[in-house]
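Structure file work-v2.txt (compact mmCIF, C-alpha atoms) follows.
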# COMPACT_ATOMS: atom_id res chain seq x y z
CA SER K 1 -21.40 44.13 165.03
CA THR K 2 -23.63 43.24 167.93
CA SER K 3 -26.97 41.52 167.69
CA ASP K 4 -29.79 41.26 170.18
CA ASP K 5 -30.86 37.68 170.78
CA ALA K 6 -34.29 37.16 169.26
CA ARG K 7 -34.95 33.75 170.74
CA THR K 8 -37.71 33.22 173.25
CA SER K 9 -36.97 33.06 176.94
CA PRO K 10 -35.22 29.76 177.79
CA ALA K 11 -37.00 27.10 179.74
CA VAL K 12 -36.39 27.41 183.47
CA ILE K 13 -36.17 24.24 185.53
CA THR K 14 -37.21 25.04 189.09
CA ALA K 15 -36.92 23.16 192.33
CA GLY K 16 -40.68 22.50 192.18
CA GLY K 17 -40.28 20.38 189.06
CA ASP K 18 -37.11 18.34 188.78
CA HIS K 19 -34.56 17.11 191.26
CA LEU K 20 -31.84 19.71 191.81
CA PRO K 21 -28.71 19.64 193.96
CA ASP K 22 -28.97 21.11 197.43
CA GLY K 23 -28.70 24.88 197.36
CA VAL K 24 -29.67 25.17 193.66
CA SER K 25 -33.03 26.88 193.12
CA MET K 26 -33.15 26.79 189.31
CA ILE K 27 -31.27 25.80 186.17
CA VAL K 28 -31.52 27.95 183.05
CA PRO K 29 -30.35 26.21 179.83
CA LEU K 30 -28.64 28.67 177.48
CA SER K 31 -27.32 28.24 173.96
CA THR K 32 -23.84 29.77 173.96
CA GLY K 33 -22.50 27.78 171.04
CA SER K 34 -19.94 25.00 171.24
CA ALA K 35 -17.14 25.04 173.81
CA PRO K 36 -18.09 27.96 176.07
CA ILE K 37 -15.04 29.08 178.06
CA GLY K 38 -14.66 31.70 180.73
CA ILE K 39 -17.47 33.21 182.76
CA ILE K 40 -17.56 36.40 184.81
CA SER K 41 -20.06 38.60 186.60
CA ALA K 42 -19.48 42.29 185.85
CA PHE K 43 -21.41 45.46 185.00
CA GLY K 44 -24.71 43.90 186.05
CA SER K 45 -24.41 41.00 183.61
CA ILE K 46 -22.98 37.52 183.21
CA TRP K 47 -20.45 37.22 180.38
CA VAL K 48 -19.44 33.98 178.61
CA ALA K 49 -16.87 33.59 175.82
CA SER K 50 -16.50 30.86 173.20
CA HIS K 51 -13.55 28.62 172.38
CA ARG K 52 -14.98 27.83 168.92
CA SER K 53 -16.25 31.21 167.71
CA PRO K 54 -15.29 34.89 168.06
CA LEU K 55 -18.41 35.63 170.12
CA LEU K 56 -18.91 37.02 173.60
CA TYR K 57 -22.33 36.46 175.16
CA ARG K 58 -23.94 38.92 177.58
CA ILE K 59 -26.61 37.43 179.85
CA ASP K 60 -29.18 39.10 182.10
CA PRO K 61 -28.82 37.34 185.48
CA HIS K 62 -32.40 38.21 186.46
CA THR K 63 -34.15 36.76 183.41
CA GLY K 64 -31.58 34.18 182.34
CA LYS K 65 -31.75 35.46 178.76
CA ILE K 66 -28.87 36.16 176.41
CA THR K 67 -29.33 39.86 175.73
CA THR K 68 -26.46 40.42 173.27
CA GLN K 69 -24.01 38.44 171.15
CA ILE K 70 -20.87 40.50 170.62
CA ASP K 71 -18.75 39.77 167.56
CA LEU K 72 -15.12 40.31 168.58
CA THR K 73 -14.09 40.84 164.94
CA GLN K 74 -16.41 43.84 164.50
CA ASN K 75 -13.62 46.40 164.11
CA GLY K 76 -11.96 44.34 161.38
CA SER K 77 -8.65 44.00 163.22
CA ALA K 78 -8.50 40.19 163.17
CA THR K 79 -10.00 37.12 161.53
CA ALA K 80 -12.69 35.12 163.28
CA ASN K 81 -10.66 32.04 164.22
CA SER K 82 -7.81 34.15 165.61
CA LEU K 83 -10.15 35.54 168.27
CA TYR K 84 -11.46 32.28 169.67
CA ALA K 85 -11.19 32.62 173.44
CA CYS K 86 -8.59 30.92 175.61
CA GLY K 87 -8.36 31.47 179.34
CA PRO K 88 -10.46 33.43 181.80
CA LEU K 89 -12.52 36.54 181.18
CA VAL K 90 -11.36 39.68 183.00
CA ALA K 91 -13.19 42.81 184.15
CA THR K 92 -11.59 46.19 184.76
CA ALA K 93 -13.22 49.50 185.61
CA ALA K 94 -13.97 50.27 181.96
CA ALA K 95 -14.06 47.00 180.02
CA VAL K 96 -14.54 43.26 179.79
CA TRP K 97 -11.46 41.56 178.33
CA VAL K 98 -11.26 38.35 176.29
CA HIS K 99 -7.99 36.41 175.95
CA ALA K 100 -7.50 35.25 172.36
CA CYS K 101 -5.92 31.95 171.33
CA ALA K 102 -4.25 32.08 167.93
CA ALA K 103 -3.68 35.83 167.73
CA GLY K 104 -2.58 36.16 171.32
CA GLY K 105 -3.32 39.34 173.19
CA VAL K 106 -6.61 40.49 174.64
CA THR K 107 -9.68 42.23 173.23
CA ALA K 108 -11.51 44.97 175.16
CA VAL K 109 -15.30 45.33 175.09
CA ASP K 110 -17.03 48.47 176.38
CA PRO K 111 -19.99 47.37 178.56
CA THR K 112 -21.85 50.64 177.98
CA ASP K 113 -22.48 49.90 174.28
CA ASN K 114 -21.14 46.34 173.77
CA ARG K 115 -18.59 47.56 171.24
CA VAL K 116 -15.03 46.30 170.77
CA THR K 117 -12.78 49.20 171.73
CA GLY K 118 -9.44 47.68 170.83
CA HIS K 119 -6.93 44.87 170.97
CA LEU K 120 -3.95 44.88 173.33
CA ASP K 121 -0.82 42.88 172.57
CA ALA K 122 -0.39 41.53 176.07
CA GLY K 123 -0.05 38.25 177.90
CA GLY K 124 -2.97 39.01 180.17
CA VAL K 125 -4.98 41.74 181.89
CA LEU K 126 -5.37 41.99 185.65
CA HIS K 127 -8.79 42.15 187.31
CA SER K 128 -9.13 45.70 188.66
CA ASP K 129 -11.78 48.15 189.86
CA ALA K 130 -9.44 51.08 189.23
CA ASP K 131 -6.49 51.43 186.85
CA THR K 132 -5.93 49.03 183.95
CA TRP K 133 -2.82 46.86 184.32
CA ALA K 134 -1.63 44.15 181.95
CA CYS K 135 1.24 41.69 181.61
CA THR K 136 3.40 42.01 178.50
CA SER K 137 3.36 39.16 176.00
CA ASP K 138 6.83 38.01 177.10
CA ASN K 139 5.58 37.75 180.74
CA LYS K 140 8.40 40.01 181.98
CA ASN K 141 6.68 43.34 182.68
CA LEU K 142 3.54 44.79 184.20
CA ILE K 143 2.23 47.76 182.24
CA LYS K 144 -0.38 50.34 183.16
CA VAL K 145 -2.43 51.34 180.11
CA ASP K 146 -4.79 54.17 179.29
CA PRO K 147 -8.24 52.50 179.14
CA ALA K 148 -9.38 54.81 176.34
CA THR K 149 -6.38 54.55 173.99
CA LEU K 150 -4.75 51.33 175.28
CA GLN K 151 -1.41 53.14 175.22
CA GLU K 152 1.24 52.20 177.78
CA LEU K 153 1.63 54.68 180.66
CA THR K 154 3.90 52.89 183.16
CA ARG K 155 6.13 49.80 183.09
CA ILE K 156 7.30 47.64 186.01
CA GLY K 157 9.86 44.91 185.39
CA VAL K 158 8.46 41.89 187.23
CA PRO K 159 7.50 38.34 186.19
CA CYS K 160 3.78 38.05 185.44
CA GLY K 161 1.38 35.87 183.50
CA LEU K 162 -2.13 35.22 182.28
CA GLN K 163 -3.95 36.04 185.52
CA GLY K 164 -3.67 38.63 188.28
CA PHE K 165 -5.60 40.97 190.56
CA VAL K 166 -5.25 44.62 191.60
CA ASP K 167 -6.39 45.54 195.11
CA ALA K 168 -5.59 48.53 197.32
CA GLY K 169 -2.53 49.65 195.37
CA ARG K 170 -0.98 46.21 195.00
CA ALA K 171 -0.96 43.53 192.34
CA LEU K 172 -1.33 39.87 193.28
CA ILE K 173 0.10 37.66 190.55
CA PRO K 174 -0.13 33.85 190.63
CA ASP K 175 2.44 32.35 188.27
CA VAL K 176 -0.03 30.81 185.80
CA ASP K 177 1.33 30.34 182.28
CA HIS K 178 -0.58 30.31 178.98
CA ASP K 179 -1.25 26.59 179.35
CA LEU K 180 -3.00 27.55 182.61
CA THR K 181 -0.43 25.66 184.68
CA PHE K 182 0.31 27.09 188.14
CA ASN K 183 3.86 26.56 189.44
CA GLY K 184 3.10 27.43 193.07
CA THR K 185 4.46 31.02 193.17
CA VAL K 186 2.33 34.06 194.06
CA ARG K 187 3.89 37.54 193.97
CA GLN K 188 2.71 40.76 195.60
CA ILE K 189 3.79 43.97 193.84
CA ASP K 190 3.54 47.49 195.24
CA LEU K 191 2.25 49.39 192.21
CA ALA K 192 3.38 52.78 193.55
CA THR K 193 7.02 51.77 193.99
CA GLY K 194 7.21 48.92 191.48
CA GLN K 195 8.76 46.69 194.12
CA GLU K 196 8.03 43.01 194.70
CA VAL K 197 7.24 43.14 198.43
CA GLN K 198 6.27 39.55 199.08
CA THR K 199 6.44 36.10 197.53
CA TRP K 200 4.43 33.08 198.62
CA ARG K 201 5.01 29.44 197.74
CA ILE K 202 1.99 27.16 197.88
CA THR K 203 1.07 23.79 196.38
CA PRO K 204 1.46 23.79 192.57
CA SER K 205 -1.42 22.56 190.44
CA GLY K 206 -1.70 21.18 186.94
CA SER K 207 -3.02 22.66 183.73
CA GLY K 208 -6.42 24.26 183.60
CA THR K 209 -5.81 26.43 186.67
CA PHE K 210 -8.18 29.36 187.15
CA ALA K 211 -7.81 32.00 189.86
CA ALA K 212 -10.34 34.09 191.79
CA TYR K 213 -9.86 36.78 194.42
CA ALA K 214 -12.19 38.26 197.03
CA GLU K 215 -11.70 40.06 200.36
CA GLY K 216 -8.01 39.28 200.60
CA MET K 217 -8.36 35.60 199.71
CA LEU K 218 -6.78 34.20 196.54
CA TRP K 219 -8.25 30.93 195.24
CA LEU K 220 -6.69 28.68 192.59
CA MET K 221 -8.48 25.66 191.11
CA SER K 222 -7.23 23.14 188.56
CA ASN K 223 -9.81 21.50 186.32
CA THR K 224 -7.44 18.63 185.54
CA GLU K 225 -6.64 17.74 189.14
CA ALA K 226 -8.75 17.51 192.28
CA VAL K 227 -6.87 20.47 193.77
CA MET K 228 -8.07 23.82 195.10
CA ASN K 229 -5.57 26.09 196.81
CA TYR K 230 -6.30 29.25 198.74
CA LEU K 231 -4.03 31.93 200.15
CA ASP K 232 -4.94 34.55 202.76
CA THR K 233 -2.92 37.51 201.50
CA ARG K 234 -3.96 39.63 204.50
CA ASP K 235 -1.74 37.64 206.86
CA GLY K 236 1.49 38.54 205.13
Could the structure of this file be written out as structure tokens, please?
Amino acid sequence: STSDDARTSPAVITAGGDHLPDGVSMIVPLSTGSAPIGIISAFGSIWVASHRSPLLYRIDPHTGKITTQIDLTQNGSATANSLYACGPLVATAAAVWVHACAAGGVTAVDPTDNRVTGHLDAGGVLHSDADTWACTSDNKNLIKVDPATLQELTRIGVPCGLQGFVDAGRALIPDVDHDLTFNGTVRQIDLATGQEVQTWRITPSGSGTFAAYAEGMLWLMSNTEAVMNYLDTRDG
């Protein structure tokens, strides 16, 4: 089930009070349980998952308040500890997705009503504003799935992993495994033909690598090494 947060508005530390880093106008302390992991901005909210509970927190970016705590076990498909989050959060056109640790796979949450809509046995889901694409649990195939039923519609045989991005009919897939280690390979897949049209090799990074993509630029950061890579995919 979901529950609205009944706590009072958190204290806001503003630049007029305490010393803040340059460019930071306020800090809003939030109680998201122990070991928060993964954060994403999508559907007008900030979303944060937990590595020590099966909860997904939805936050109003304007007020800084937790508006909803979403229990990922609400449909009874898994036990609580099997749905502790590992890895990044992902947004597609119809859902926010949480990567599970023990159970593997990903859980879909409908942002219109904060309900769990299903669990997909997959190695990862790709960020996308259009169709829903995922990587199979063996990391050997991209699959297009129906966002309503989570049934497979199309399969493309290509190496994939935990993270990826769909943009303008192509998939950009950094080779990041389930330990979040990046081996330095980035693949570009034409989703219409299923062909791998380009491969880039850039500096590998250690475990704890998280990827982001915006306006043709792919960014990869390792939280265990002082390394941030970026790739301009527009240059070919």
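CA of Asp146 (chain K) to CA of Thr107 (chain K) spans 14.3 Å [interatomic distance, one decimal].
Of the listed residues (K:Gly216, K:Ile156, K:Met221, K:Ile40), K:Met221 comes nearest to Thr203 (chain K); the distances count all atoms listed in the file.
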Hey, what's within 6 Å of Phe165 (chain K) if we count all atoms listed in the file and toss same-chain stuff fewer than 5 positions away? As a ChimeraX atom specification, please? /K:126-127,171-172
Those residues with C-alpha atoms, as a PDB file, in the coordinates of the input please?
ATOM      1  CA  LEU K 126      -5.370  41.990 185.650  1.00  0.00           C
ATOM      2  CA  HIS K 127      -8.790  42.150 187.310  1.00  0.00           C
ATOM      3  CA  ALA K 171      -0.960  43.530 192.340  1.00  0.00           C
ATOM      4  CA  LEU K 172      -1.330  39.870 193.280  1.00  0.00           C
TER       5      LEU K 172
END
When you look at region 136-141 of chain K with a cut-off of 12 Å (counting all atoms listed in the file), what residues show up, excluding the ones that are within fewer than 4 positions of it in the same chain? I need them as an MDAnalysis selection string. chainID K and resid 99 103:106 120:126 145 152 154:164 173 175:178 189 194
Could you please take those selected residues and save C-alpha atoms as a short mmCIF file (atom, residue, chain, number, x, y, z; two decimals), keeping the file's coordinate frame?
data_model
loop_
_atom_site.label_atom_id
_atom_site.label_comp_id
_atom_site.auth_asym_id
_atom_site.auth_seq_id
_atom_site.Cartn_x
_atom_site.Cartn_y
_atom_site.Cartn_z
CA HIS K 99 -7.99 36.41 175.95
CA ALA K 103 -3.68 35.83 167.73
CA GLY K 104 -2.58 36.16 171.32
CA GLY K 105 -3.32 39.34 173.19
CA VAL K 106 -6.61 40.49 174.64
CA LEU K 120 -3.95 44.88 173.33
CA ASP K 121 -0.82 42.88 172.57
CA ALA K 122 -0.39 41.53 176.07
CA GLY K 123 -0.05 38.25 177.90
CA GLY K 124 -2.97 39.01 180.17
CA VAL K 125 -4.98 41.74 181.89
CA LEU K 126 -5.37 41.99 185.65
CA VAL K 145 -2.43 51.34 180.11
CA GLU K 152 1.24 52.20 177.78
CA THR K 154 3.90 52.89 183.16
CA ARG K 155 6.13 49.80 183.09
CA ILE K 156 7.30 47.64 186.01
CA GLY K 157 9.86 44.91 185.39
CA VAL K 158 8.46 41.89 187.23
CA PRO K 159 7.50 38.34 186.19
CA CYS K 160 3.78 38.05 185.44
CA GLY K 161 1.38 35.87 183.50
CA LEU K 162 -2.13 35.22 182.28
CA GLN K 163 -3.95 36.04 185.52
CA GLY K 164 -3.67 38.63 188.28
CA ILE K 173 0.10 37.66 190.55
CA ASP K 175 2.44 32.35 188.27
CA VAL K 176 -0.03 30.81 185.80
CA ASP K 177 1.33 30.34 182.28
CA HIS K 178 -0.58 30.31 178.98
CA ILE K 189 3.79 43.97 193.84
CA GLY K 194 7.21 48.92 191.48
#
Do you have the CA of Arg170 (chain K)-CA of Ala85 (chain K) distance handy?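 Computing the Euclidean distance for CA of Arg170 (chain K) and CA of Ala85 (chain K) yields 27.5 Å.
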Close residues, region 232-235 of chain K itself excluded, 10 Å, only C-alpha atoms, min 6 positions apart in chain, as a list in words: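 Everything that qualifies: Leu172, Val186, Gln188, Gln198, Trp200, Tyr213, Ala214, Glu215, Gly216, Met217, Leu218 and Trp219 of chain K.
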Using all atoms listed in the file, which of the listed residues (K:Ala42, K:Ala130, K:Val116, K:Ala211) sits closest to Ala91 (chain K)?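 Ranking K:Ala42, K:Ala130, K:Val116, K:Ala211 by distance to Ala91 (chain K), first place goes to K:Ala42.
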As a CSV table (one decimal), keeping the file's coordinate frame, please: region 167-178 of chain K completed to all heavy atoms.
chain,number,residue,atom,x,y,z
K,167,ASP,N,-5.6,45.2,193.9
K,167,ASP,CA,-6.4,45.5,195.1
K,167,ASP,C,-5.6,46.5,196.0
K,167,ASP,O,-4.5,46.1,196.4
K,167,ASP,CB,-6.8,44.2,195.9
K,167,ASP,CG,-7.6,44.5,197.1
K,167,ASP,OD1,-8.5,45.4,197.1
K,167,ASP,OD2,-7.3,43.8,198.1
K,168,ALA,N,-6.2,47.6,196.3
K,168,ALA,CA,-5.6,48.5,197.3
K,168,ALA,C,-4.1,48.9,197.0
K,168,ALA,O,-3.3,48.8,197.9
K,168,ALA,CB,-5.7,47.9,198.7
K,169,GLY,N,-3.9,49.2,195.7
K,169,GLY,CA,-2.5,49.6,195.4
K,169,GLY,C,-1.5,48.6,195.2
K,169,GLY,O,-0.3,48.8,195.0
K,170,ARG,N,-1.9,47.3,195.2
K,170,ARG,CA,-1.0,46.2,195.0
K,170,ARG,C,-1.5,45.3,193.9
K,170,ARG,O,-2.7,45.3,193.6
K,170,ARG,CB,-0.8,45.4,196.3
K,170,ARG,CG,-2.1,44.8,196.8
K,170,ARG,CD,-1.9,43.9,198.0
K,170,ARG,NE,-3.2,43.3,198.4
K,170,ARG,CZ,-3.2,42.3,199.3
K,170,ARG,NH1,-2.1,41.8,199.8
K,170,ARG,NH2,-4.4,41.7,199.6
K,171,ALA,N,-0.6,44.6,193.3
K,171,ALA,CA,-1.0,43.5,192.3
K,171,ALA,C,-0.6,42.2,192.9
K,171,ALA,O,0.5,42.0,193.5
K,171,ALA,CB,-0.2,43.7,191.0
K,172,LEU,N,-1.5,41.2,192.9
K,172,LEU,CA,-1.3,39.9,193.3
K,172,LEU,C,-1.3,39.0,192.0
K,172,LEU,O,-2.2,39.0,191.2
K,172,LEU,CB,-2.5,39.4,194.2
K,172,LEU,CG,-2.5,40.1,195.5
K,172,LEU,CD1,-3.9,39.8,196.2
K,172,LEU,CD2,-1.4,39.8,196.4
K,173,ILE,N,-0.1,38.3,191.8
K,173,ILE,CA,0.1,37.7,190.6
K,173,ILE,C,0.5,36.2,190.8
K,173,ILE,O,1.6,35.9,191.2
K,173,ILE,CB,1.2,38.3,189.8
K,173,ILE,CG1,0.9,39.8,189.5
K,173,ILE,CG2,1.4,37.6,188.4
K,173,ILE,CD1,2.0,40.6,188.9
K,174,PRO,N,-0.5,35.3,190.6
K,174,PRO,CA,-0.1,33.8,190.6
K,174,PRO,C,0.6,33.5,189.3
K,174,PRO,O,0.2,34.0,188.3
K,174,PRO,CB,-1.5,33.2,190.7
K,174,PRO,CG,-2.5,34.1,190.1
K,174,PRO,CD,-1.9,35.5,190.4
K,175,ASP,N,1.6,32.7,189.4
K,175,ASP,CA,2.4,32.4,188.3
K,175,ASP,C,1.7,31.3,187.5
K,175,ASP,O,2.0,30.1,187.6
K,175,ASP,CB,3.8,31.9,188.7
K,175,ASP,CG,4.8,32.0,187.6
K,175,ASP,OD1,4.4,31.9,186.4
K,175,ASP,OD2,6.0,32.0,187.8
K,176,VAL,N,0.7,31.7,186.7
K,176,VAL,CA,0.0,30.8,185.8
K,176,VAL,C,0.4,31.1,184.4
K,176,VAL,O,0.2,32.2,183.9
K,176,VAL,CB,-1.5,31.0,186.0
K,176,VAL,CG1,-2.3,30.1,185.1
K,176,VAL,CG2,-1.9,30.7,187.5
K,177,ASP,N,0.9,30.1,183.6
K,177,ASP,CA,1.3,30.3,182.3
K,177,ASP,C,0.2,30.2,181.3
K,177,ASP,O,-1.0,30.1,181.7
K,177,ASP,CB,2.5,29.4,181.9
K,177,ASP,CG,2.1,27.9,181.9
K,177,ASP,OD1,0.9,27.6,181.8
K,177,ASP,OD2,3.0,27.1,182.0
K,178,HIS,N,0.5,30.3,180.0
K,178,HIS,CA,-0.6,30.3,179.0
K,178,HIS,C,-1.2,28.9,178.7
K,178,HIS,O,-2.2,28.8,178.0
K,178,HIS,CB,-0.1,30.9,177.7
K,178,HIS,CG,0.1,32.4,177.8
K,178,HIS,ND1,-0.9,33.3,177.4
K,178,HIS,CD2,1.1,33.2,178.3
K,178,HIS,CE1,-0.5,34.5,177.7
K,178,HIS,NE2,0.7,34.5,178.2
